[in-house]
Every structure is written in structure tokens, then in C-alpha cells.
>>> print(open('protein37.csv').read())   # CSV, C-alpha atoms
chain,number,residue,atom,x,y,z
A,1,MET,CA,-12.6,-18.3,-7.8
A,2,SER,CA,-9.4,-19.3,-5.9
A,3,ASP,CA,-6.9,-21.9,-6.8
A,4,ASN,CA,-8.8,-24.6,-4.9
A,5,ALA,CA,-12.2,-23.7,-6.3
A,6,GLU,CA,-13.2,-22.1,-3.0
A,7,PRO,CA,-14.2,-18.5,-2.8
A,8,GLU,CA,-11.4,-16.1,-3.2
A,9,VAL,CA,-12.2,-14.5,0.2
A,10,LEU,CA,-13.8,-16.5,3.0
A,11,ILE,CA,-16.2,-14.5,5.2
A,12,GLY,CA,-17.8,-15.9,8.4
A,13,LYS,CA,-18.7,-15.3,12.0
A,14,ARG,CA,-17.7,-17.2,15.1
A,15,ASP,CA,-17.4,-16.5,18.8
A,16,GLY,CA,-18.1,-12.8,18.4
A,17,LEU,CA,-15.6,-12.5,15.6
A,18,GLY,CA,-16.1,-11.4,12.0
A,19,LEU,CA,-13.6,-13.4,10.1
A,20,ILE,CA,-12.1,-12.4,6.8
A,21,THR,CA,-9.6,-14.7,5.1
A,22,LEU,CA,-8.0,-13.8,1.8
A,23,ASN,CA,-8.0,-17.1,-0.1
A,24,ARG,CA,-5.7,-17.0,-3.1
A,25,PRO,CA,-2.6,-18.6,-1.5
A,26,ARG,CA,-0.9,-19.4,-4.8
A,27,ALA,CA,-1.1,-15.7,-5.7
A,28,ILE,CA,-0.1,-14.7,-2.2
A,29,ASN,CA,-3.7,-13.6,-1.8
A,30,ALA,CA,-3.5,-10.8,-4.3
A,31,LEU,CA,-6.6,-8.6,-4.1
A,32,ASN,CA,-9.0,-8.2,-7.0
A,33,HIS,CA,-12.2,-6.3,-7.4
A,34,PRO,CA,-14.7,-9.0,-6.4
A,35,MET,CA,-12.7,-9.7,-3.2
A,36,ALA,CA,-12.7,-6.0,-2.3
A,37,LEU,CA,-16.4,-5.8,-2.8
A,38,ALA,CA,-17.0,-8.8,-0.7
A,39,ILE,CA,-15.0,-7.4,2.1
A,40,LEU,CA,-16.7,-4.0,1.8
A,41,ASP,CA,-20.1,-5.6,2.0
A,42,ALA,CA,-19.2,-7.7,5.1
A,43,LEU,CA,-17.7,-4.8,7.0
A,44,ARG,CA,-20.7,-2.6,6.3
A,45,ALA,CA,-23.0,-5.4,7.5
A,46,TRP,CA,-21.0,-6.1,10.6
A,47,GLU,CA,-20.9,-2.4,11.7
A,48,THR,CA,-24.5,-2.9,13.1
A,49,ASP,CA,-24.3,-6.6,13.8
A,50,ASP,CA,-24.4,-7.4,17.5
A,51,GLU,CA,-23.0,-10.8,16.9
A,52,VAL,CA,-19.7,-9.3,15.7
A,53,ARG,CA,-17.5,-7.8,18.4
A,54,THR,CA,-14.2,-7.8,16.6
A,55,VAL,CA,-13.1,-8.2,13.0
A,56,VAL,CA,-10.1,-10.3,12.1
A,57,LEU,CA,-8.2,-10.3,8.8
A,58,THR,CA,-5.9,-13.1,7.8
A,59,GLY,CA,-4.4,-14.6,4.7
A,60,ALA,CA,-4.5,-18.3,3.5
A,61,GLY,CA,-1.3,-20.2,3.1
A,62,GLU,CA,2.2,-19.6,4.6
A,63,ARG,CA,3.6,-17.0,2.2
A,64,GLY,CA,1.8,-13.8,3.3
A,65,LEU,CA,-1.3,-11.8,4.0
A,66,CYS,CA,-1.5,-10.1,0.6
A,67,ALA,CA,1.0,-9.4,-2.2
A,68,GLY,CA,-1.0,-6.4,-3.4
A,69,GLY,CA,-3.5,-5.8,-6.2
A,70,ASP,CA,-4.0,-7.9,-9.4
A,71,ILE,CA,-1.1,-6.3,-11.4
A,72,VAL,CA,-1.8,-8.3,-14.6
A,73,ALA,CA,-5.3,-7.0,-14.9
A,74,ILE,CA,-4.0,-3.4,-14.4
A,75,HIS,CA,-1.4,-4.0,-17.1
A,76,THR,CA,-4.1,-4.9,-19.6
A,77,ASP,CA,-6.1,-1.8,-18.8
A,78,ALA,CA,-3.0,0.4,-19.0
A,79,GLU,CA,-2.1,-1.0,-22.4
A,80,ASN,CA,-5.5,-0.2,-23.7
A,81,ALA,CA,-5.5,3.3,-22.2
A,82,VAL,CA,-2.1,4.1,-23.7
A,83,ALA,CA,-3.1,2.7,-27.1
A,84,GLN,CA,-6.4,4.7,-27.1
A,85,HIS,CA,-4.8,7.9,-25.7
A,86,ASP,CA,-7.3,7.8,-22.9
A,87,SER,CA,-7.6,10.8,-20.5
A,88,PRO,CA,-7.6,10.3,-16.7
A,89,TRP,CA,-11.4,10.8,-16.8
A,90,THR,CA,-11.8,7.8,-19.1
A,91,ALA,CA,-9.3,5.8,-17.1
A,92,ALA,CA,-11.4,6.4,-14.0
A,93,ASP,CA,-14.2,4.4,-15.8
A,94,SER,CA,-12.0,1.5,-16.7
A,95,PRO,CA,-12.1,-1.8,-14.8
A,96,SER,CA,-9.0,-0.7,-12.9
A,97,GLY,CA,-10.4,2.7,-12.2
A,98,ARG,CA,-13.6,1.1,-10.8
A,99,PHE,CA,-11.6,-1.3,-8.7
A,100,TRP,CA,-9.5,1.5,-7.2
A,101,ARG,CA,-12.6,3.5,-6.4
A,102,ASP,CA,-14.1,0.6,-4.4
A,103,GLU,CA,-10.7,-0.4,-2.9
A,104,TYR,CA,-10.1,3.2,-1.6
A,105,ILE,CA,-13.6,3.4,-0.2
A,106,LEU,CA,-12.8,0.1,1.6
A,107,ASN,CA,-9.5,1.6,2.9
A,108,ALA,CA,-11.3,4.6,4.3
A,109,LEU,CA,-13.9,2.3,6.0
A,110,ILE,CA,-11.2,0.3,7.6
A,111,GLY,CA,-9.4,3.4,8.8
A,112,GLY,CA,-12.5,4.7,10.6
A,113,TYR,CA,-14.1,1.4,11.5
A,114,ALA,CA,-16.4,1.5,14.6
A,115,LYS,CA,-15.3,-1.9,16.0
A,116,PRO,CA,-11.8,-3.4,16.6
A,117,TYR,CA,-10.2,-4.6,13.4
A,118,VAL,CA,-7.3,-6.9,13.9
A,119,ALA,CA,-5.0,-7.4,10.9
A,120,ILE,CA,-2.6,-10.3,11.0
A,121,MET,CA,0.3,-9.0,8.8
A,122,ASP,CA,2.2,-12.3,8.7
A,123,GLY,CA,4.6,-12.9,5.8
A,124,ILE,CA,4.4,-10.7,2.6
A,125,VAL,CA,2.2,-7.6,2.8
A,126,MET,CA,2.6,-5.3,-0.2
A,127,GLY,CA,0.6,-2.5,-1.8
A,128,GLY,CA,-3.0,-3.3,-1.7
A,129,GLY,CA,-2.3,-5.6,1.3
A,130,VAL,CA,-1.1,-2.5,3.2
A,131,GLY,CA,-4.4,-0.9,2.3
A,132,LEU,CA,-6.3,-3.8,4.0
A,133,SER,CA,-4.2,-3.8,7.1
A,134,GLY,CA,-2.2,-0.7,7.6
A,135,HIS,CA,-5.3,1.4,8.6
A,136,ALA,CA,-6.6,-1.2,11.0
A,137,SER,CA,-7.0,-0.4,14.7
A,138,HIS,CA,-4.8,-3.4,15.7
A,139,ARG,CA,-2.0,-4.4,13.4
A,140,ILE,CA,0.0,-7.5,14.2
A,141,VAL,CA,3.4,-8.4,12.7
A,142,THR,CA,5.6,-11.5,13.0
A,143,GLU,CA,9.2,-12.5,12.4
A,144,ARG,CA,8.1,-13.5,8.9
A,145,SER,CA,6.6,-10.1,8.0
A,146,LYS,CA,7.9,-8.2,4.9
A,147,ILE,CA,6.0,-5.0,4.4
A,148,GLY,CA,6.4,-2.5,1.6
A,149,MET,CA,5.0,-0.2,-1.1
A,150,PRO,CA,6.7,-1.4,-4.3
A,151,GLU,CA,4.9,1.0,-6.7
A,152,THR,CA,7.7,3.1,-8.0
A,153,GLY,CA,9.4,0.0,-9.3
A,154,ILE,CA,6.5,-0.6,-11.7
A,155,GLY,CA,6.0,3.0,-12.8
A,156,PHE,CA,3.1,3.5,-10.3
A,157,ILE,CA,2.7,5.7,-7.2
A,158,PRO,CA,2.0,4.5,-3.7
A,159,ASP,CA,-1.8,4.3,-3.1
A,160,VAL,CA,-4.4,2.7,-0.9
A,161,GLY,CA,-3.7,5.4,1.7
A,162,GLY,CA,-0.1,4.4,1.6
A,163,THR,CA,1.1,7.9,1.1
A,164,TYR,CA,-0.7,8.9,4.3
A,165,LEU,CA,1.1,6.2,6.3
A,166,LEU,CA,4.5,6.9,4.6
A,167,ALA,CA,4.2,10.6,5.2
A,168,HIS,CA,3.5,10.2,8.9
A,169,ALA,CA,6.3,7.8,9.6
A,170,PRO,CA,9.0,9.3,11.8
A,171,GLY,CA,11.4,11.6,10.1
A,172,GLU,CA,12.0,10.6,6.5
A,173,ILE,CA,11.7,6.9,6.9
A,174,GLY,CA,8.6,6.8,4.8
A,175,THR,CA,10.3,8.7,2.0
A,176,HIS,CA,13.1,6.2,2.0
A,177,VAL,CA,10.6,3.3,1.9
A,178,ALA,CA,8.6,4.9,-1.0
A,179,LEU,CA,11.5,5.9,-3.2
A,180,THR,CA,13.6,2.7,-2.8
A,181,THR,CA,10.7,0.3,-2.4
A,182,ALA,CA,12.6,-1.1,0.7
A,183,ARG,CA,10.9,-3.9,2.6
A,184,MET,CA,10.2,-3.4,6.2
A,185,THR,CA,10.8,-6.0,8.8
A,186,ALA,CA,8.5,-6.4,11.8
A,187,GLY,CA,10.6,-4.0,13.8
A,188,ASP,CA,10.8,-1.5,11.0
A,189,ALA,CA,7.0,-1.6,10.4
A,190,ILE,CA,6.3,-0.9,14.1
A,191,ALA,CA,8.8,1.9,14.2
A,192,ALA,CA,7.4,3.4,11.0
A,193,GLY,CA,3.8,3.3,12.2
A,194,PHE,CA,2.6,0.6,9.9
A,195,ALA,CA,2.1,-1.9,12.7
A,196,ASP,CA,1.4,-2.0,16.4
A,197,ALA,CA,2.5,-5.2,18.0
A,198,PHE,CA,4.9,-8.1,17.4
A,199,VAL,CA,3.6,-11.7,18.0
A,200,PRO,CA,5.7,-14.7,16.9
A,201,SER,CA,4.0,-16.7,14.2
A,202,GLU,CA,3.9,-19.8,16.4
A,203,HIS,CA,1.5,-18.0,18.7
A,204,LEU,CA,-1.0,-16.8,16.0
A,205,PRO,CA,-3.4,-19.8,16.4
A,206,ALA,CA,-3.6,-19.1,20.2
A,207,LEU,CA,-4.1,-15.4,19.6
A,208,LEU,CA,-6.9,-16.1,17.2
A,209,GLU,CA,-8.5,-18.3,19.8
A,210,ALA,CA,-8.1,-15.7,22.5
A,211,LEU,CA,-9.8,-13.1,20.4
A,212,GLY,CA,-12.9,-15.1,20.6
A,213,THR,CA,-13.1,-14.6,24.4
A,214,LEU,CA,-11.1,-11.5,25.2
A,215,SER,CA,-11.1,-7.9,23.9
A,216,ALA,CA,-8.7,-7.2,21.1
A,217,ASP,CA,-6.4,-5.3,23.5
A,218,ASP,CA,-6.3,-8.0,26.1
A,219,ALA,CA,-5.8,-10.8,23.6
A,220,ILE,CA,-2.9,-9.1,21.9
A,221,ALA,CA,-1.3,-8.1,25.2
A,222,LYS,CA,-1.3,-11.8,26.2
A,223,PHE,CA,0.9,-12.8,23.3
A,224,ALA,CA,2.8,-9.7,22.3
A,225,GLN,CA,6.6,-9.6,22.7
A,226,PRO,CA,9.0,-6.6,22.6
A,227,ALA,CA,9.4,-5.3,19.0
A,228,PRO,CA,12.5,-6.4,17.2
A,229,VAL,CA,15.2,-3.8,16.5
A,230,SER,CA,14.5,-1.5,13.5
A,231,GLU,CA,17.4,-0.9,11.2
A,232,PHE,CA,15.7,2.2,9.9
A,233,ILE,CA,15.6,3.7,13.3
A,234,ALA,CA,19.3,2.9,13.7
A,235,GLN,CA,20.0,4.8,10.4
A,236,ARG,CA,17.8,7.8,11.1
A,237,ASP,CA,20.7,10.2,10.9
A,238,TRP,CA,21.5,9.8,7.2
A,239,ILE,CA,17.9,8.8,6.2
A,240,ASP,CA,16.5,12.0,7.7
A,241,TYR,CA,19.2,14.2,6.2
A,242,CYS,CA,19.3,12.7,2.7
A,243,TYR,CA,15.6,12.4,2.2
A,244,GLY,CA,14.8,15.8,3.7
A,245,ALA,CA,15.7,17.5,0.4
A,246,ASP,CA,13.1,19.2,-1.7
A,247,THR,CA,13.8,17.3,-4.9
A,248,VAL,CA,14.5,13.8,-5.9
A,249,GLU,CA,17.7,15.0,-7.6
A,250,GLU,CA,19.0,16.5,-4.4
A,251,ILE,CA,18.0,13.4,-2.5
A,252,VAL,CA,20.1,11.2,-4.8
A,253,HIS,CA,23.0,13.6,-4.6
A,254,ARG,CA,23.0,13.5,-0.8
A,255,LEU,CA,22.8,9.7,-0.8
A,256,GLN,CA,25.7,9.4,-3.3
A,257,THR,CA,27.9,11.8,-1.3
A,258,ASP,CA,27.0,10.6,2.2
A,259,GLY,CA,29.9,8.1,2.3
A,260,ARG,CA,28.0,5.2,3.9
A,261,ALA,CA,27.5,2.0,2.0
A,262,GLU,CA,23.8,1.9,2.9
A,263,ALA,CA,23.2,5.4,1.5
A,264,ALA,CA,25.1,4.5,-1.7
A,265,GLN,CA,22.9,1.4,-2.1
A,266,ALA,CA,19.8,3.5,-1.5
A,267,ALA,CA,20.9,5.9,-4.3
A,268,ALA,CA,21.3,3.0,-6.7
A,269,ASP,CA,17.9,1.7,-5.7
A,270,VAL,CA,16.2,5.0,-6.3
A,271,LEU,CA,17.8,5.5,-9.7
A,272,SER,CA,16.5,2.1,-10.9
A,273,LYS,CA,12.9,3.3,-10.4
A,274,SER,CA,10.7,5.2,-12.8
A,275,PRO,CA,11.9,8.9,-12.8
A,276,VAL,CA,8.4,10.4,-13.2
A,277,ALA,CA,6.9,8.0,-10.6
A,278,LEU,CA,9.7,9.1,-8.2
A,279,LYS,CA,8.9,12.8,-8.6
A,280,VAL,CA,5.1,12.3,-8.4
A,281,THR,CA,5.6,10.1,-5.3
A,282,LEU,CA,7.7,12.7,-3.5
A,283,ARG,CA,5.1,15.4,-4.2
A,284,SER,CA,2.4,13.0,-3.0
A,285,LEU,CA,4.2,12.4,0.2
A,286,ARG,CA,4.8,16.0,0.9
A,287,GLU,CA,1.2,16.9,0.3
A,288,ALA,CA,0.0,13.9,2.4
A,289,ARG,CA,2.0,15.1,5.3
A,290,LYS,CA,-0.1,18.3,5.3
A,291,ALA,CA,-3.4,16.6,4.8
A,292,ASP,CA,-6.0,16.6,7.6
A,293,SER,CA,-7.3,13.0,7.1
A,294,LEU,CA,-6.9,9.7,5.4
A,295,GLU,CA,-9.9,10.4,3.2
A,296,ALA,CA,-8.3,13.6,1.8
A,297,VAL,CA,-5.2,11.6,0.9
A,298,LEU,CA,-7.3,8.9,-0.8
A,299,ASN,CA,-9.1,11.5,-2.8
A,300,ARG,CA,-5.8,12.8,-4.1
A,301,GLU,CA,-4.4,9.3,-4.6
A,302,TYR,CA,-7.4,8.4,-6.8
A,303,ARG,CA,-6.5,11.3,-9.2
A,304,VAL,CA,-2.9,10.1,-9.3
A,305,SER,CA,-3.8,6.5,-10.0
A,306,ALA,CA,-6.3,7.4,-12.7
A,307,ALA,CA,-3.6,9.5,-14.4
A,308,SER,CA,-1.1,6.7,-14.0
A,309,LEU,CA,-3.2,4.3,-16.0
A,310,ASN,CA,-2.5,6.2,-19.2
A,311,THR,CA,1.3,6.3,-18.9
A,312,HIS,CA,4.1,4.5,-20.7
A,313,ASP,CA,5.9,3.7,-17.4
A,314,LEU,CA,3.1,1.8,-15.8
A,315,VAL,CA,2.8,-0.5,-18.9
A,316,GLU,CA,6.6,-0.8,-19.1
A,317,GLY,CA,7.1,-1.3,-15.4
A,318,ILE,CA,4.6,-4.2,-15.1
A,319,ARG,CA,5.9,-5.7,-18.3
A,320,ALA,CA,9.5,-5.8,-17.0
A,321,GLN,CA,8.7,-6.9,-13.5
A,322,VAL,CA,5.7,-9.2,-13.9
A,323,ILE,CA,5.0,-10.1,-17.5
A,324,ASP,CA,8.4,-10.7,-19.2
A,325,LYS,CA,10.4,-10.6,-15.9
A,326,ASP,CA,13.5,-9.2,-17.6
A,327,ARG,CA,13.9,-6.7,-14.8
A,328,ASN,CA,15.0,-4.1,-17.4
A,329,PRO,CA,12.4,-1.4,-17.8
A,330,GLN,CA,12.9,1.3,-20.3
A,331,TRP,CA,11.5,4.4,-18.6
A,332,GLN,CA,10.1,7.4,-20.4
A,333,PRO,CA,11.3,10.0,-19.6
A,334,ALA,CA,14.6,8.1,-19.0
A,335,THR,CA,16.2,10.4,-16.4
A,336,LEU,CA,15.1,12.6,-13.5
A,337,ALA,CA,16.4,15.7,-15.4
A,338,ASP,CA,14.0,14.9,-18.3
A,339,VAL,CA,10.9,14.9,-16.1
A,340,THR,CA,9.3,18.4,-16.2
A,341,ASP,CA,7.0,20.1,-13.7
A,342,ALA,CA,4.2,19.7,-16.3
A,343,ASP,CA,4.8,16.0,-16.3
A,344,VAL,CA,4.3,15.8,-12.6
A,345,ASP,CA,1.4,18.3,-12.5
A,346,ALA,CA,-0.5,16.1,-15.0
A,347,TYR,CA,-0.9,13.4,-12.3
A,348,PHE,CA,-2.8,15.7,-10.0
A,349,GLY,CA,-5.5,17.1,-12.3
A,350,ALA,CA,-9.1,17.2,-11.1
A,351,LEU,CA,-11.5,14.4,-12.4
A,352,GLY,CA,-14.7,16.4,-12.3
A,353,ASP,CA,-17.7,14.2,-11.7
A,354,ARG,CA,-15.4,11.2,-11.5
A,355,GLU,CA,-13.6,12.3,-8.4
A,356,LEU,CA,-13.5,9.7,-5.6
A,357,GLY,CA,-15.2,12.2,-3.3
A,358,LEU,CA,-14.7,10.7,0.1
A,359,ALA,CA,-16.0,13.0,2.8
A,360,THR,CA,-13.3,14.6,4.9
A,361,PRO,CA,-13.5,16.3,8.3
A,362,LYS,CA,-13.9,19.7,6.5
A,363,ASP,CA,-17.0,18.3,4.9
A,364,GLN,CA,-18.6,17.1,8.1
>>> encode(input="protein37.csv", output="C-alpha cells")
Amino acid sequence: MSDNAEPEVLIGKRDGLGLITLNRPRAINALNHPMALAILDALRAWETDDEVRTVVLTGAGERGLCAGGDIVAIHTDAENAVAQHDSPWTAADSPSGRFWRDEYILNALIGGYAKPYVAIMDGIVMGGGVGLSGHASHRIVTERSKIGMPETGIGFIPDVGGTYLLAHAPGEIGTHVALTTARMTAGDAIAAGFADAFVPSEHLPALLEALGTLSADDAIAKFAQPAPVSEFIAQRDWIDYCYGADTVEEIVHRLQTDGRAEAAQAAADVLSKSPVALKVTLRSLREARKADSLEAVLNREYRVSAASLNTHDLVEGIRAQVIDKDRNPQWQPATLADVTDADVDAYFGALGDRELGLATPKDQ
């Protein structure tokens, strides 16, 4: 249950709207498995419900839509997996593995949903929050929006279809966001393809009311304002060149020798992240860029996530950032040079009968 003893996700219908409100405000509406299942059930029911014309996703409180998944629960599973030397196959059957399976199925459903799905990406939207909103048909950001994929900072890899969105951002903006865990403003998110329209937060109540009487397109057009300037677009020259390299080592070298303060800071940010997570992330992004569908990317992400659960860096990264909060993770391997091709390959191994198995266009 949520902090106020209400359900952790509120689901209802009103004025032709299917309303989903994430309801853990003290945790910035962090997503857990029961919440994901409740949303999945509602969306499946509403697909054929004539009383629901448009779905609207919001978050309770003032801090954000969703700060991501329940990291503490994942840390417990990862500790157990490492202690027991679990394989990715075993990890797929853990509580976190089962959560990811249903979460990714939900992400795919959102991405192909038959009715308008309006996500209000106000405030903080990270990780799993991007999975609930970034694949929506209508994605609204405000002046308070801070959107990102922070996974490499905890020894994890962008998931929830995040590698699909990052890989299809203009140029190498997505690579920059993934490897540095940079936060996107409203302008950045629209420029990067993570959002569609800018609506000042003061107009959100009126927008929600208008959605009850107008189509999603018309309601949003009534309140949308020009997108704020994107700093990422303004810096495309060095971002595209530096992150266009084939290896993380070469990316860091280009950033360090570029000569601009922003590039030097980006190099420092990259080098503070898990070396193996950085290399797996870069391969994931390059492969996602070639994929023919969101479903194909989610299938691959599930393999990577299951493999991640049995790694030192996921345990250590969450410990340093969330549990002990000393912000001093001791990565293993400790440097990019120490990460072998075999280390990276291990994240992409097939899971046999535990594959996610979402149907892709090639299967249909």
C-alpha cells in the first residue's frame, strides 16, 4: 500500500477517460510489481471498453511522475543471486526477473496501444517511469520535467525500452544521455524524441479537464506552448562527433581532447560509471538502432537485465547510491581496459524457455 494507506496506483474512469495515477508520492511514485500488474490489467480491459476513449497517466504529489523501479527490492535479489552464483536463467525466475517480465510486457502494450495514451511527464521521470510514459502516443512535459535513464550509475543497463528511445534520438544525443546519465529538460526531451509537447504545469488541471470533452490532439493543442530551447541540440557538434566512436574508450578520449568544458565534464561523468555497464550499454544502443521494433529491443533488454542481476556492479552500485549513499562505488572490473569482450558477451546470452518472447513484426 502507499504512504497514506490508499492503493499504490489509483485506477478509474470518468468522462470518457481511463485514469491511472501512480500513488506513492513519498517515493516519487516508484514502480513495483503489483503496480505494474494493476496498470497492465486496466489497459487490457480498456482496450475494448467503449466507455474509455483516452487513457491518462499522472503521478501523485508535486515531485514527479515516477522515479523508476523499486531499487531496494532489486538490490536484495541481486545480493542473493551473487551469493548463490545464480545464472541468468535462475535470475529470470527471481522476484525482480518476474517484475521485469511483466513490466516490459506493459511497456510493449503502451507502445502499441489502440487508444490515445496521454502521459503527463511532470517533474522527475526516471528509468521505469520512462517505460510508462516514453512509449505513449501523447507525451507531455512541463518546466519541472527532469527525464533520464540513470542505470549505468548503479551498474545496470537502460531498460524498459529505453535503449530503443535512446538509440533513435537525433545523432548521438541518446548515447550521451545513456553513458553520462544526464537529465533532460523539457526542451531536451522533446528534441530527443522522449516527449511531444510542452505544457506549463499551471495549465495541467485545465488540460486534464479538456481531455474529458476533446480529443487528445485537440486538448493538447489548446494548451501547448513552443518547446523550450534544448541545450543538447545546441551542442550537437561535439556530442555527435565524440559519441560517434565505436568504443567507450574512444568516446572518452574524444571527450577529453575536445577542448570544451562541457565535453570534459561529460568525460568525467562517464568515467564515474560502471565500466562494464558502459560497454554493455553502448552495444545495446548500437543494436537497438538496427532493431525493427520496440518488442525486439525489449526482448534483448530482458536478457541483459536478467544477466545484470547476478553481477557485482549492480549490488555495489545500488549500495553506493541508494543504501549506504556514500556515492563511492568500487566497480569490478575497475577500468574500461579491464572489461573484456567476454564480459560484455555474457549479458546477451539466450535464456531458452525463459526468454521474454514478445512477438515482433517478423513473427506476425
>>> residues_near_point(input="protein37.csv", point="(-1.3, 8.8, -11.8)", cutoff="10 Å", atoms="all atoms listed in the file", output="list in words")
Pro88, Gly155, Phe156, Ile157, Pro158, Asp159, Val276, Ala277, Val280, Thr281, Arg300, Glu301, Tyr302, Arg303, Val304, Ser305, Ala306, Ala307, Ser308, Leu309, Asn310, Thr311, Leu314, Val344, Asp345, Ala346, Tyr347, Phe348 and Gly349 of chain A
>>> residues_around(input="protein37.csv", residues="Ala60 in chain A", least_positions_apart="6", cutoff="6 Å", atoms="all atoms listed in the file", output="MDAnalysis selection string")
chainID A and resid 22:23 25
>>> write_last_selection(input="protein37.csv", atoms="C-alpha atoms", output="PDB file, in the frame of the given file")
ATOM      1  CA  LEU A  22      -8.000 -13.800   1.800  1.00  0.00           C
ATOM      2  CA  ASN A  23      -8.000 -17.100  -0.100  1.00  0.00           C
ATOM      3  CA  PRO A  25      -2.600 -18.600  -1.500  1.00  0.00           C
TER       4      PRO A  25
END
>>> residues_around(input="protein37.csv", residues="Asp49 in chain A", least_positions_apart="6", cutoff="10 Å", atoms="only C-alpha atoms", output="list in words")
Gly16, Gly18 and Leu43 of chain A
>>> residues_around(input="protein37.csv", residues="range 110-122 of chain A", least_positions_apart="3", cutoff="9 Å", atoms="all atoms listed in the file", output="ChimeraX atom specification")
/A:43,46-47,52-59,62-66,105-107,125,129-147,195,201,204,215-217,294-295
>>> closest_residue(input="protein37.csv", among="A:Val229, A:Val297, A:Gly187, A:Ala178", to="Ala266 in chain A", atoms="all atoms listed in the file")
A:Ala178
>>> atom_distance(input="protein37.csv", atom1="CA of Phe194 in chain A", atom2="CA of Ser230 in chain A")
12.6 Å
>>> closest_residue(input="protein37.csv", among="A:Trp100, A:Trp89, A:Phe232, A:Phe223", to="Pro205 in chain A", atoms="all atoms listed in the file")
A:Phe223
>>> atom_distance(input="protein37.csv", atom1="CA of Ala263 in chain A", atom2="CA of Trp238 in chain A")
7.4 Å
>>> residues_near_point(input="protein37.csv", point="(-16.2, -18.3, 14.2)", cutoff="12 Å", atoms="all atoms listed in the file", output="list in words")
Leu10, Ile11, Gly12, Lys13, Arg14, Asp15, Gly16, Leu17, Gly18, Leu19, Ile20, Thr21, Glu51, Val52, Arg53, Thr54, Val55, Val56, Leu208, Glu209, Ala210, Leu211, Gly212 and Thr213 of chain A
>>> atom_distance(input="protein37.csv", atom1="CA of Pro275 in chain A", atom2="CA of Ile173 in chain A")
19.8 Å
>>> closest_atom_pairs(input="protein37.csv", of="range 177-290 of chain A", to="range 331-338 of chain A", cutoff="9 Å", atoms="all atoms listed in the file", output="Markdown table")
| residue | atom | partner | partner_atom | distance |
| --- | --- | --- | --- | --- |
| A:Val248 | CA | A:Leu336 | CA | 7.7 |
| A:Glu249 | CA | A:Leu336 | CA | 6.9 |
| A:Leu271 | CA | A:Thr335 | CA | 8.5 |
| A:Lys273 | CA | A:Trp331 | CA | 8.4 |
| A:Ser274 | CA | A:Trp331 | CA | 5.9 |
| A:Pro275 | CA | A:Leu336 | CA | 4.9 |
| A:Val276 | CA | A:Pro333 | CA | 7.0 |
| A:Leu278 | CA | A:Leu336 | CA | 8.3 |
| A:Lys279 | CA | A:Leu336 | CA | 7.9 |
>>> residues_around(input="protein37.csv", residues="range 358-361 of chain A", least_positions_apart="3", cutoff="9 Å", atoms="all atoms listed in the file", output="ChimeraX atom specification")
/A:104-105,108,292-296,298-299,355,364
>>> write_last_selection(input="protein37.csv", atoms="C-alpha atoms", output="tab-separated table (two decimals), in the coordinates of the input")
chain	number	residue	atom	x	y	z
A	104	TYR	CA	-10.10	3.20	-1.60
A	105	ILE	CA	-13.60	3.40	-0.20
A	108	ALA	CA	-11.30	4.60	4.30
A	292	ASP	CA	-6.00	16.60	7.60
A	293	SER	CA	-7.30	13.00	7.10
A	294	LEU	CA	-6.90	9.70	5.40
A	295	GLU	CA	-9.90	10.40	3.20
A	296	ALA	CA	-8.30	13.60	1.80
A	298	LEU	CA	-7.30	8.90	-0.80
A	299	ASN	CA	-9.10	11.50	-2.80
A	355	GLU	CA	-13.60	12.30	-8.40
A	364	GLN	CA	-18.60	17.10	8.10
>>> residues_around(input="protein37.csv", residues="Gly174 in chain A", least_positions_apart="4", cutoff="10 Å", atoms="all atoms listed in the file", output="PyMOL selection string")
chain A and resi 149+162-170+178-182+192-193+232+239-240+243+285
>>> closest_residue(input="protein37.csv", among="A:Leu351, A:Ala234, A:Ala224, A:Ile124", to="Asp188 in chain A", atoms="only C-alpha atoms")
A:Ala234
>>> decode(input="protein37.csv", residues="range 201-216 of chain A", atoms="N, CA and C atoms", output="tab-separated table (two decimals), in the first residue's frame")
chain	number	residue	atom	x	y	z
A	201	SER	N	3.12	23.73	-16.17
A	201	SER	CA	2.45	22.96	-15.12
A	201	SER	C	1.17	23.63	-14.62
A	202	GLU	N	1.11	24.95	-14.66
A	202	GLU	CA	-0.10	25.63	-14.18
A	202	GLU	C	-1.32	25.32	-15.03
A	203	HIS	N	-1.09	24.84	-16.25
A	203	HIS	CA	-2.21	24.53	-17.14
A	203	HIS	C	-2.61	23.06	-17.12
A	204	LEU	N	-1.93	22.25	-16.33
A	204	LEU	CA	-2.24	20.82	-16.32
A	204	LEU	C	-3.67	20.52	-15.86
A	205	PRO	N	-4.17	21.15	-14.80
A	205	PRO	CA	-5.57	20.87	-14.41
A	205	PRO	C	-6.56	21.16	-15.52
A	206	ALA	N	-6.35	22.26	-16.23
A	206	ALA	CA	-7.25	22.60	-17.32
A	206	ALA	C	-7.11	21.62	-18.48
A	207	LEU	N	-5.88	21.17	-18.73
A	207	LEU	CA	-5.67	20.17	-19.78
A	207	LEU	C	-6.40	18.88	-19.44
A	208	LEU	N	-6.29	18.43	-18.20
A	208	LEU	CA	-6.96	17.20	-17.80
A	208	LEU	C	-8.48	17.33	-17.94
A	209	GLU	N	-9.00	18.50	-17.62
A	209	GLU	CA	-10.43	18.71	-17.78
A	209	GLU	C	-10.82	18.69	-19.25
A	210	ALA	N	-10.00	19.33	-20.11
A	210	ALA	CA	-10.30	19.38	-21.53
A	210	ALA	C	-10.25	17.99	-22.17
A	211	LEU	N	-9.40	17.12	-21.67
A	211	LEU	CA	-9.31	15.77	-22.22
A	211	LEU	C	-10.62	15.00	-22.06
A	212	GLY	N	-11.46	15.44	-21.11
A	212	GLY	CA	-12.74	14.79	-20.90
A	212	GLY	C	-13.78	15.14	-21.94
A	213	THR	N	-13.51	16.21	-22.72
A	213	THR	CA	-14.50	16.64	-23.72
A	213	THR	C	-13.94	16.72	-25.13
A	214	LEU	N	-12.63	16.80	-25.25
A	214	LEU	CA	-11.98	16.93	-26.56
A	214	LEU	C	-11.12	15.71	-26.85
A	215	SER	N	-10.75	15.56	-28.11
A	215	SER	CA	-9.79	14.53	-28.46
A	215	SER	C	-8.45	14.89	-27.83
A	216	ALA	N	-7.59	13.89	-27.70
A	216	ALA	CA	-6.27	14.14	-27.11
A	216	ALA	C	-5.52	15.19	-27.91
